[in-house]
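Student: My file is target-v7.pdb. It has PDB, N, CA and C atoms:
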ATOM      1  N   MET E 190     124.032 -43.282  40.753
ATOM      2  CA  MET E 190     123.911 -42.569  41.994
ATOM      3  C   MET E 190     125.005 -43.064  42.928
ATOM      4  N   PRO E 191     125.917 -42.196  43.302
ATOM      5  CA  PRO E 191     126.947 -42.619  44.242
ATOM      6  C   PRO E 191     126.353 -42.838  45.636
ATOM      7  N   TYR E 192     126.942 -43.714  46.382
ATOM      8  CA  TYR E 192     126.525 -43.916  47.766
ATOM      9  C   TYR E 192     127.772 -44.012  48.630
ATOM     10  N   VAL E 193     127.594 -43.722  49.896
ATOM     11  CA  VAL E 193     128.695 -43.753  50.842
ATOM     12  C   VAL E 193     128.220 -44.516  52.071
ATOM     13  N   ALA E 194     129.036 -45.445  52.532
ATOM     14  CA  ALA E 194     128.713 -46.216  53.730
ATOM     15  C   ALA E 194     129.361 -45.559  54.933
ATOM     16  N   GLN E 195     128.576 -45.228  55.918
ATOM     17  CA  GLN E 195     129.059 -44.567  57.124
ATOM     18  C   GLN E 195     130.027 -45.448  57.898
ATOM     19  N   ALA E 196     129.957 -46.735  57.718
ATOM     20  CA  ALA E 196     130.863 -47.651  58.411
ATOM     21  C   ALA E 196     132.284 -47.582  57.850
ATOM     22  N   SER E 197     132.457 -46.971  56.691
ATOM     23  CA  SER E 197     133.774 -46.878  56.062
ATOM     24  C   SER E 197     134.588 -45.746  56.671
ATOM     25  N   SER E 198     135.881 -45.968  56.788
ATOM     26  CA  SER E 198     136.771 -44.921  57.261
ATOM     27  C   SER E 198     136.771 -43.769  56.259
ATOM     28  N   GLY E 199     136.695 -42.542  56.741
ATOM     29  CA  GLY E 199     136.713 -41.380  55.857
ATOM     30  C   GLY E 199     135.414 -41.138  55.106
ATOM     31  N   TRP E 200     134.289 -41.648  55.626
ATOM     32  CA  TRP E 200     133.013 -41.547  54.913
ATOM     33  C   TRP E 200     132.578 -40.111  54.675
ATOM     34  N   GLN E 201     132.903 -39.205  55.610
ATOM     35  CA  GLN E 201     132.477 -37.816  55.427
ATOM     36  C   GLN E 201     133.183 -37.175  54.230
ATOM     37  N   ASP E 202     134.485 -37.420  54.100
ATOM     38  CA  ASP E 202     135.217 -36.900  52.944
ATOM     39  C   ASP E 202     134.717 -37.539  51.651
ATOM     40  N   ALA E 203     134.411 -38.835  51.702
ATOM     41  CA  ALA E 203     133.876 -39.515  50.517
ATOM     42  C   ALA E 203     132.530 -38.932  50.114
ATOM     43  N   LEU E 204     131.712 -38.597  51.101
ATOM     44  CA  LEU E 204     130.413 -38.002  50.807
ATOM     45  C   LEU E 204     130.567 -36.637  50.150
ATOM     46  N   LEU E 205     131.449 -35.821  50.694
ATOM     47  CA  LEU E 205     131.677 -34.505  50.095
ATOM     48  C   LEU E 205     132.243 -34.640  48.687
ATOM     49  N   GLY E 206     133.098 -35.628  48.471
ATOM     50  CA  GLY E 206     133.628 -35.873  47.124
ATOM     51  C   GLY E 206     132.543 -36.307  46.158
ATOM     52  N   ALA E 207     131.634 -37.153  46.625
ATOM     53  CA  ALA E 207     130.530 -37.602  45.771
ATOM     54  C   ALA E 207     129.602 -36.448  45.411
ATOM     55  N   ALA E 208     129.501 -35.468  46.302
ATOM     56  CA  ALA E 208     128.648 -34.308  46.027
ATOM     57  C   ALA E 208     129.304 -33.347  45.037
ATOM     58  N   ALA E 209     130.592 -33.503  44.801
ATOM     59  CA  ALA E 209     131.333 -32.708  43.807
ATOM     60  C   ALA E 209     131.109 -31.208  43.976
ATOM     61  N   GLY E 210     131.156 -30.748  45.221
ATOM     62  CA  GLY E 210     131.033 -29.318  45.475
ATOM     63  C   GLY E 210     129.607 -28.790  45.502
ATOM     64  N   ARG E 211     128.639 -29.640  45.179
ATOM     65  CA  ARG E 211     127.237 -29.207  45.234
ATOM     66  C   ARG E 211     126.718 -29.351  46.657
ATOM     67  N   PRO E 212     125.800 -28.482  47.060
ATOM     68  CA  PRO E 212     125.238 -28.639  48.412
ATOM     69  C   PRO E 212     124.404 -29.905  48.503
ATOM     70  N   ILE E 213     124.455 -30.554  49.646
ATOM     71  CA  ILE E 213     123.640 -31.748  49.892
ATOM     72  C   ILE E 213     122.320 -31.259  50.460
ATOM     73  N   VAL E 214     121.264 -31.388  49.694
ATOM     74  CA  VAL E 214     119.972 -30.814  50.087
ATOM     75  C   VAL E 214     118.940 -31.862  50.478
ATOM     76  N   ALA E 215     119.258 -33.141  50.285
ATOM     77  CA  ALA E 215     118.325 -34.200  50.659
ATOM     78  C   ALA E 215     119.105 -35.425  51.093
ATOM     79  N   VAL E 216     118.602 -36.059  52.143
ATOM     80  CA  VAL E 216     119.231 -37.255  52.684
ATOM     81  C   VAL E 216     118.148 -38.302  52.903
ATOM     82  N   ALA E 217     118.372 -39.502  52.406
ATOM     83  CA  ALA E 217     117.493 -40.640  52.689
ATOM     84  C   ALA E 217     118.230 -41.508  53.700
ATOM     85  N   ASP E 218     117.686 -41.621  54.892
ATOM     86  CA  ASP E 218     118.371 -42.262  55.997
ATOM     87  C   ASP E 218     117.630 -43.516  56.434
ATOM     88  N   CYS E 219     118.224 -44.674  56.210
ATOM     89  CA  CYS E 219     117.593 -45.929  56.637
ATOM     90  C   CYS E 219     118.168 -46.435  57.950
ATOM     91  N   VAL E 220     119.164 -45.745  58.509
ATOM     92  CA  VAL E 220     119.808 -46.188  59.743
ATOM     93  C   VAL E 220     119.236 -45.460  60.954
ATOM     94  N   SER E 221     119.147 -44.137  60.859
ATOM     95  CA  SER E 221     118.690 -43.260  61.938
ATOM     96  C   SER E 221     119.723 -43.245  63.051
ATOM     97  N   GLY E 222     119.314 -42.902  64.238
ATOM     98  CA  GLY E 222     120.221 -42.863  65.372
ATOM     99  C   GLY E 222     121.319 -41.829  65.228
ATOM    100  N   GLY E 223     122.483 -42.136  65.769
ATOM    101  CA  GLY E 223     123.606 -41.215  65.820
ATOM    102  C   GLY E 223     124.179 -40.819  64.470
ATOM    103  N   LEU E 224     123.845 -41.541  63.426
ATOM    104  CA  LEU E 224     124.359 -41.206  62.094
ATOM    105  C   LEU E 224     124.057 -39.770  61.712
ATOM    106  N   LEU E 225     122.895 -39.290  62.026
ATOM    107  CA  LEU E 225     122.507 -37.940  61.613
ATOM    108  C   LEU E 225     123.351 -36.856  62.261
ATOM    109  N   ALA E 226     123.828 -37.086  63.469
ATOM    110  CA  ALA E 226     124.691 -36.102  64.123
ATOM    111  C   ALA E 226     125.985 -35.913  63.339
ATOM    112  N   GLY E 227     126.542 -36.991  62.805
ATOM    113  CA  GLY E 227     127.760 -36.895  62.008
ATOM    114  C   GLY E 227     127.513 -36.361  60.621
ATOM    115  N   LEU E 228     126.309 -36.531  60.142
ATOM    116  CA  LEU E 228     125.949 -36.090  58.797
ATOM    117  C   LEU E 228     125.540 -34.631  58.751
ATOM    118  N   ALA E 229     124.941 -34.133  59.804
ATOM    119  CA  ALA E 229     124.367 -32.789  59.824
ATOM    120  C   ALA E 229     125.337 -31.685  59.392
ATOM    121  N   PRO E 230     126.590 -31.695  59.830
ATOM    122  CA  PRO E 230     127.492 -30.616  59.405
ATOM    123  C   PRO E 230     127.772 -30.601  57.900
ATOM    124  N   LEU E 231     127.484 -31.693  57.218
ATOM    125  CA  LEU E 231     127.799 -31.798  55.798
ATOM    126  C   LEU E 231     126.649 -31.374  54.889
ATOM    127  N   ILE E 232     125.455 -31.252  55.442
ATOM    128  CA  ILE E 232     124.309 -30.935  54.596
ATOM    129  C   ILE E 232     124.010 -29.439  54.621
ATOM    130  N   ALA E 233     123.333 -28.991  53.585
ATOM    131  CA  ALA E 233     123.015 -27.577  53.427
ATOM    132  C   ALA E 233     121.904 -27.152  54.376
ATOM    133  N   ASN E 234     121.869 -25.865  54.686
ATOM    134  CA  ASN E 234     120.714 -25.312  55.382
ATOM    135  C   ASN E 234     119.484 -25.571  54.526
ATOM    136  N   ASN E 235     118.343 -25.733  55.146
ATOM    137  CA  ASN E 235     117.076 -26.011  54.465
ATOM    138  C   ASN E 235     117.021 -27.403  53.838
ATOM    139  N   ALA E 236     117.937 -28.284  54.204
ATOM    140  CA  ALA E 236     117.945 -29.642  53.647
ATOM    141  C   ALA E 236     116.786 -30.457  54.215
ATOM    142  N   ALA E 237     116.418 -31.490  53.485
ATOM    143  CA  ALA E 237     115.388 -32.427  53.924
ATOM    144  C   ALA E 237     116.051 -33.740  54.302
ATOM    145  N   ILE E 238     115.695 -34.249  55.468
ATOM    146  CA  ILE E 238     116.181 -35.537  55.935
ATOM    147  C   ILE E 238     114.966 -36.454  56.005
ATOM    148  N   ILE E 239     114.966 -37.481  55.177
ATOM    149  CA  ILE E 239     113.873 -38.449  55.155
ATOM    150  C   ILE E 239     114.385 -39.706  55.833
ATOM    151  N   THR E 240     113.799 -40.072  56.946
ATOM    152  CA  THR E 240     114.230 -41.259  57.665
ATOM    153  C   THR E 240     113.155 -42.326  57.581
ATOM    154  N   TYR E 241     113.570 -43.526  57.240
ATOM    155  CA  TYR E 241     112.613 -44.609  57.065
ATOM    156  C   TYR E 241     113.087 -45.902  57.712
ATOM    157  N   GLY E 242     114.091 -45.785  58.557
ATOM    158  CA  GLY E 242     114.601 -46.984  59.185
ATOM    159  C   GLY E 242     114.877 -46.764  60.653
ATOM    160  N   GLY E 243     115.301 -47.795  61.295
ATOM    161  CA  GLY E 243     115.600 -47.717  62.704
ATOM    162  C   GLY E 243     116.638 -48.743  63.103
ATOM    163  N   LEU E 244     117.645 -48.937  62.264
ATOM    164  CA  LEU E 244     118.681 -49.913  62.587
ATOM    165  C   LEU E 244     119.427 -49.521  63.850
ATOM    166  N   ASP E 245     119.583 -48.231  64.075
ATOM    167  CA  ASP E 245     120.187 -47.727  65.303
ATOM    168  C   ASP E 245     119.041 -47.292  66.209
ATOM    169  N   PRO E 246     118.844 -47.946  67.331
ATOM    170  CA  PRO E 246     117.702 -47.629  68.185
ATOM    171  C   PRO E 246     117.857 -46.344  68.988
ATOM    172  N   ASN E 247     119.001 -45.671  68.887
ATOM    173  CA  ASN E 247     119.246 -44.451  69.654
ATOM    174  C   ASN E 247     118.548 -43.251  69.017
ATOM    175  N   PRO E 248     118.387 -42.152  69.785
ATOM    176  CA  PRO E 248     117.803 -40.925  69.224
ATOM    177  C   PRO E 248     118.596 -40.436  68.017
ATOM    178  N   ILE E 249     117.980 -39.607  67.186
ATOM    179  CA  ILE E 249     118.594 -39.215  65.913
ATOM    180  C   ILE E 249     119.828 -38.337  66.043
ATOM    181  N   GLY E 250     120.121 -37.816  67.194
ATOM    182  CA  GLY E 250     121.379 -37.093  67.371
ATOM    183  C   GLY E 250     121.334 -35.642  66.945
ATOM    184  N   LEU E 251     120.173 -35.112  66.660
ATOM    185  CA  LEU E 251     120.029 -33.698  66.325
ATOM    186  C   LEU E 251     119.217 -33.017  67.416
ATOM    187  N   THR E 252     119.682 -31.868  67.851
ATOM    188  CA  THR E 252     118.906 -31.114  68.835
ATOM    189  C   THR E 252     117.849 -30.285  68.122
ATOM    190  N   GLY E 253     116.877 -29.851  68.881
ATOM    191  CA  GLY E 253     115.864 -28.954  68.321
ATOM    192  C   GLY E 253     116.491 -27.691  67.777
ATOM    193  N   LEU E 254     117.510 -27.170  68.464
ATOM    194  CA  LEU E 254     118.193 -25.967  68.006
ATOM    195  C   LEU E 254     118.908 -26.207  66.679
ATOM    196  N   ALA E 255     119.543 -27.372  66.523
ATOM    197  CA  ALA E 255     120.227 -27.687  65.261
ATOM    198  C   ALA E 255     119.239 -27.737  64.103
ATOM    199  N   VAL E 256     118.072 -28.300  64.347
ATOM    200  CA  VAL E 256     117.049 -28.393  63.302
ATOM    201  C   VAL E 256     116.480 -27.007  62.986
ATOM    202  N   ALA E 257     116.110 -26.263  64.027
ATOM    203  CA  ALA E 257     115.463 -24.966  63.832
ATOM    204  C   ALA E 257     116.408 -23.919  63.245
ATOM    205  N   SER E 258     117.625 -23.843  63.777
ATOM    206  CA  SER E 258     118.543 -22.792  63.326
ATOM    207  C   SER E 258     118.983 -22.973  61.881
ATOM    208  N   ARG E 259     118.959 -24.208  61.393
ATOM    209  CA  ARG E 259     119.360 -24.455  60.008
ATOM    210  C   ARG E 259     118.160 -24.726  59.119
ATOM    211  N   GLN E 260     116.967 -24.662  59.712
ATOM    212  CA  GLN E 260     115.716 -24.883  58.996
ATOM    213  C   GLN E 260     115.711 -26.235  58.274
ATOM    214  N   LEU E 261     116.155 -27.259  58.994
ATOM    215  CA  LEU E 261     116.165 -28.605  58.431
ATOM    216  C   LEU E 261     114.763 -29.202  58.532
ATOM    217  N   GLU E 262     114.397 -29.960  57.544
ATOM    218  CA  GLU E 262     113.128 -30.678  57.582
ATOM    219  C   GLU E 262     113.433 -32.148  57.835
ATOM    220  N   VAL E 263     112.913 -32.676  58.933
ATOM    221  CA  VAL E 263     113.096 -34.076  59.267
ATOM    222  C   VAL E 263     111.732 -34.734  59.129
ATOM    223  N   ARG E 264     111.671 -35.745  58.287
ATOM    224  CA  ARG E 264     110.389 -36.401  58.033
ATOM    225  C   ARG E 264     110.570 -37.907  58.073
ATOM    226  N   GLY E 265     109.659 -38.565  58.737
ATOM    227  CA  GLY E 265     109.673 -40.022  58.791
ATOM    228  C   GLY E 265     108.632 -40.587  57.844
ATOM    229  N   ILE E 266     108.983 -41.667  57.196
ATOM    230  CA  ILE E 266     108.033 -42.365  56.327
ATOM    231  C   ILE E 266     108.112 -43.859  56.627
ATOM    232  N   THR E 267     107.103 -44.563  56.238
ATOM    233  CA  THR E 267     107.089 -46.006  56.433
ATOM    234  C   THR E 267     106.684 -46.697  55.137
ATOM    235  N   GLY E 268     107.223 -47.855  54.931
ATOM    236  CA  GLY E 268     106.875 -48.640  53.752
ATOM    237  C   GLY E 268     105.882 -49.741  54.054
ATOM    238  N   PHE E 269     105.473 -49.857  55.319
ATOM    239  CA  PHE E 269     104.594 -50.957  55.696
ATOM    240  C   PHE E 269     103.256 -50.973  54.944
ATOM    241  N   PRO E 270     102.588 -49.835  54.727
ATOM    242  CA  PRO E 270     101.340 -49.898  53.956
ATOM    243  C   PRO E 270     101.562 -50.444  52.538
ATOM    244  N   TRP E 271     102.703 -50.142  51.949
ATOM    245  CA  TRP E 271     103.003 -50.633  50.602
ATOM    246  C   TRP E 271     103.084 -52.162  50.604
ATOM    247  N   LEU E 272     103.645 -52.729  51.666
ATOM    248  CA  LEU E 272     103.782 -54.186  51.734
ATOM    249  C   LEU E 272     102.439 -54.907  51.721
ATOM    250  N   SER E 273     101.415 -54.279  52.269
ATOM    251  CA  SER E 273     100.107 -54.928  52.313
ATOM    252  C   SER E 273      99.185 -54.496  51.162
ATOM    253  N   ALA E 274      99.688 -53.647  50.278
ATOM    254  CA  ALA E 274      98.887 -53.190  49.132
ATOM    255  C   ALA E 274      98.798 -54.308  48.093
ATOM    256  N   PRO E 275      97.746 -54.297  47.277
ATOM    257  CA  PRO E 275      97.628 -55.277  46.198
ATOM    258  C   PRO E 275      98.829 -55.192  45.242
ATOM    259  N   ARG E 276      99.163 -56.291  44.641
ATOM    260  CA  ARG E 276     100.343 -56.352  43.754
ATOM    261  C   ARG E 276     100.285 -55.305  42.648
ATOM    262  N   GLU E 277      99.129 -55.068  42.063
ATOM    263  CA  GLU E 277      99.040 -54.085  40.977
ATOM    264  C   GLU E 277      99.360 -52.662  41.472
ATOM    265  N   VAL E 278      99.123 -52.393  42.751
ATOM    266  CA  VAL E 278      99.469 -51.087  43.313
ATOM    267  C   VAL E 278     100.967 -51.024  43.558
ATOM    268  N   GLN E 279     101.561 -52.113  44.003
ATOM    269  CA  GLN E 279     103.002 -52.129  44.279
ATOM    270  C   GLN E 279     103.823 -51.928  43.012
ATOM    271  N   LEU E 280     103.336 -52.391  41.898
ATOM    272  CA  LEU E 280     104.072 -52.254  40.647
ATOM    273  C   LEU E 280     103.865 -50.877  40.123
TER     274      LEU E 280
END
Turn this file's structure into structure tokens for me.
Tutor:
Amino acid sequence: MPYVAQASSGWQDALLGAAAGRPIVAVADCVSGGLLAGLAPLIANNAAIITYGGLDPNPIGLTGLAVASRQLEVRGITGFPWLSAPREVQL
């Protein structure tokens, strides 16, 4: 699975290259904040954005209009319940 670090120069071009011409329909975002504003133009309409982090304390950078007009699904998840689950459940 290729990955691209947003901190790298030219990350948007690297991301499009990693997608090899295929639409980007799902994003797993552990940073949140302003990263999504830079990522949004690169993803397909109807894409799913799963955010599970908060390294950037700022708002996600997407307006309601950007989400609605492109029918993006933004969903937050947490791993905290998994951390307190019994070991046999975690495995």
Student: Figure out the distance between CA of Gly227 (chain E) and CA of Val263 (chain E), please, to one decimal in Å.
Tutor: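 Calculated distance between CA of Val263 (chain E) and CA of Gly227 (chain E) is 15.2 Å.
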Student: Could you work out how far CA of Gly210 (chain E) lies from CA of Arg264 (chain E), giving the answer in Å with one decimal?
Tutor: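 Answer for the CA of Arg264 (chain E) to CA of Gly210 (chain E) separation: 25.2 Å.
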Student: Any idea what the distance is between atom C of Tyr192 (chain E) and atom N of Ile239 (chain E)?
Tutor: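 So the answer is 15.8 Å.
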Student: With distances taken over only C-alpha atoms, which residue among E:Ala203, E:Ala215, E:Ile266, E:Leu251 lies nearest Ala229 (chain E)?
Tutor: E:Leu251
Student: Within 7 Å of (115.6, -44.7, 58.3), in the coordinates the file gives, what residues turn up when you count only N, CA and C atoms, written out as a ChimeraX atom specification?
Tutor: /E:217-221,239-244
Student: Just the residues within 8 Å of Leu224 (chain E), please, counting only N, CA and C atoms, with nothing from its chain fewer than 6 positions along; format it as number ranges by chain.
Tutor: E: 195, 245, 247-251
Student: With only N, CA and C atoms as the basis for distance, which of E:Ala233, E:Ala194, E:Ala257, E:Val278 is at the shortest distance from Arg211 (chain E)?
Tutor: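 Ranking E:Ala233, E:Ala194, E:Ala257, E:Val278 by distance to Arg211 (chain E), first place goes to E:Ala233.
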Student: What residues in chain E get the DSSP label strand (DSSP E or B)? Please answer as an NGL selection string.
Tutor: :E and (215-218 or 237-240 or 262-265)
Student: May I have the residues from that selection written out with N, CA and C atoms, as a PDB file, in the frame of the given file?
Tutor:
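So the final result, stored in out_23.pdb, reads:
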ATOM      1  N   ALA E 215     119.258 -33.141  50.285  1.00  0.00           N
ATOM      2  CA  ALA E 215     118.325 -34.200  50.659  1.00  0.00           C
ATOM      3  C   ALA E 215     119.105 -35.425  51.093  1.00  0.00           C
ATOM      4  N   VAL E 216     118.602 -36.059  52.143  1.00  0.00           N
ATOM      5  CA  VAL E 216     119.231 -37.255  52.684  1.00  0.00           C
ATOM      6  C   VAL E 216     118.148 -38.302  52.903  1.00  0.00           C
ATOM      7  N   ALA E 217     118.372 -39.502  52.406  1.00  0.00           N
ATOM      8  CA  ALA E 217     117.493 -40.640  52.689  1.00  0.00           C
ATOM      9  C   ALA E 217     118.230 -41.508  53.700  1.00  0.00           C
ATOM     10  N   ASP E 218     117.686 -41.621  54.892  1.00  0.00           N
ATOM     11  CA  ASP E 218     118.371 -42.262  55.997  1.00  0.00           C
ATOM     12  C   ASP E 218     117.630 -43.516  56.434  1.00  0.00           C
ATOM     13  N   ALA E 237     116.418 -31.490  53.485  1.00  0.00           N
ATOM     14  CA  ALA E 237     115.388 -32.427  53.924  1.00  0.00           C
ATOM     15  C   ALA E 237     116.051 -33.740  54.302  1.00  0.00           C
ATOM     16  N   ILE E 238     115.695 -34.249  55.468  1.00  0.00           N
ATOM     17  CA  ILE E 238     116.181 -35.537  55.935  1.00  0.00           C
ATOM     18  C   ILE E 238     114.966 -36.454  56.005  1.00  0.00           C
ATOM     19  N   ILE E 239     114.966 -37.481  55.177  1.00  0.00           N
ATOM     20  CA  ILE E 239     113.873 -38.449  55.155  1.00  0.00           C
ATOM     21  C   ILE E 239     114.385 -39.706  55.833  1.00  0.00           C
ATOM     22  N   THR E 240     113.799 -40.072  56.946  1.00  0.00           N
ATOM     23  CA  THR E 240     114.230 -41.259  57.665  1.00  0.00           C
ATOM     24  C   THR E 240     113.155 -42.326  57.581  1.00  0.00           C
ATOM     25  N   GLU E 262     114.397 -29.960  57.544  1.00  0.00           N
ATOM     26  CA  GLU E 262     113.128 -30.678  57.582  1.00  0.00           C
ATOM     27  C   GLU E 262     113.433 -32.148  57.835  1.00  0.00           C
ATOM     28  N   VAL E 263     112.913 -32.676  58.933  1.00  0.00           N
ATOM     29  CA  VAL E 263     113.096 -34.076  59.267  1.00  0.00           C
ATOM     30  C   VAL E 263     111.732 -34.734  59.129  1.00  0.00           C
ATOM     31  N   ARG E 264     111.671 -35.745  58.287  1.00  0.00           N
ATOM     32  CA  ARG E 264     110.389 -36.401  58.033  1.00  0.00           C
ATOM     33  C   ARG E 264     110.570 -37.907  58.073  1.00  0.00           C
ATOM     34  N   GLY E 265     109.659 -38.565  58.737  1.00  0.00           N
ATOM     35  CA  GLY E 265     109.673 -40.022  58.791  1.00  0.00           C
ATOM     36  C   GLY E 265     108.632 -40.587  57.844  1.00  0.00           C
TER      37      GLY E 265
END
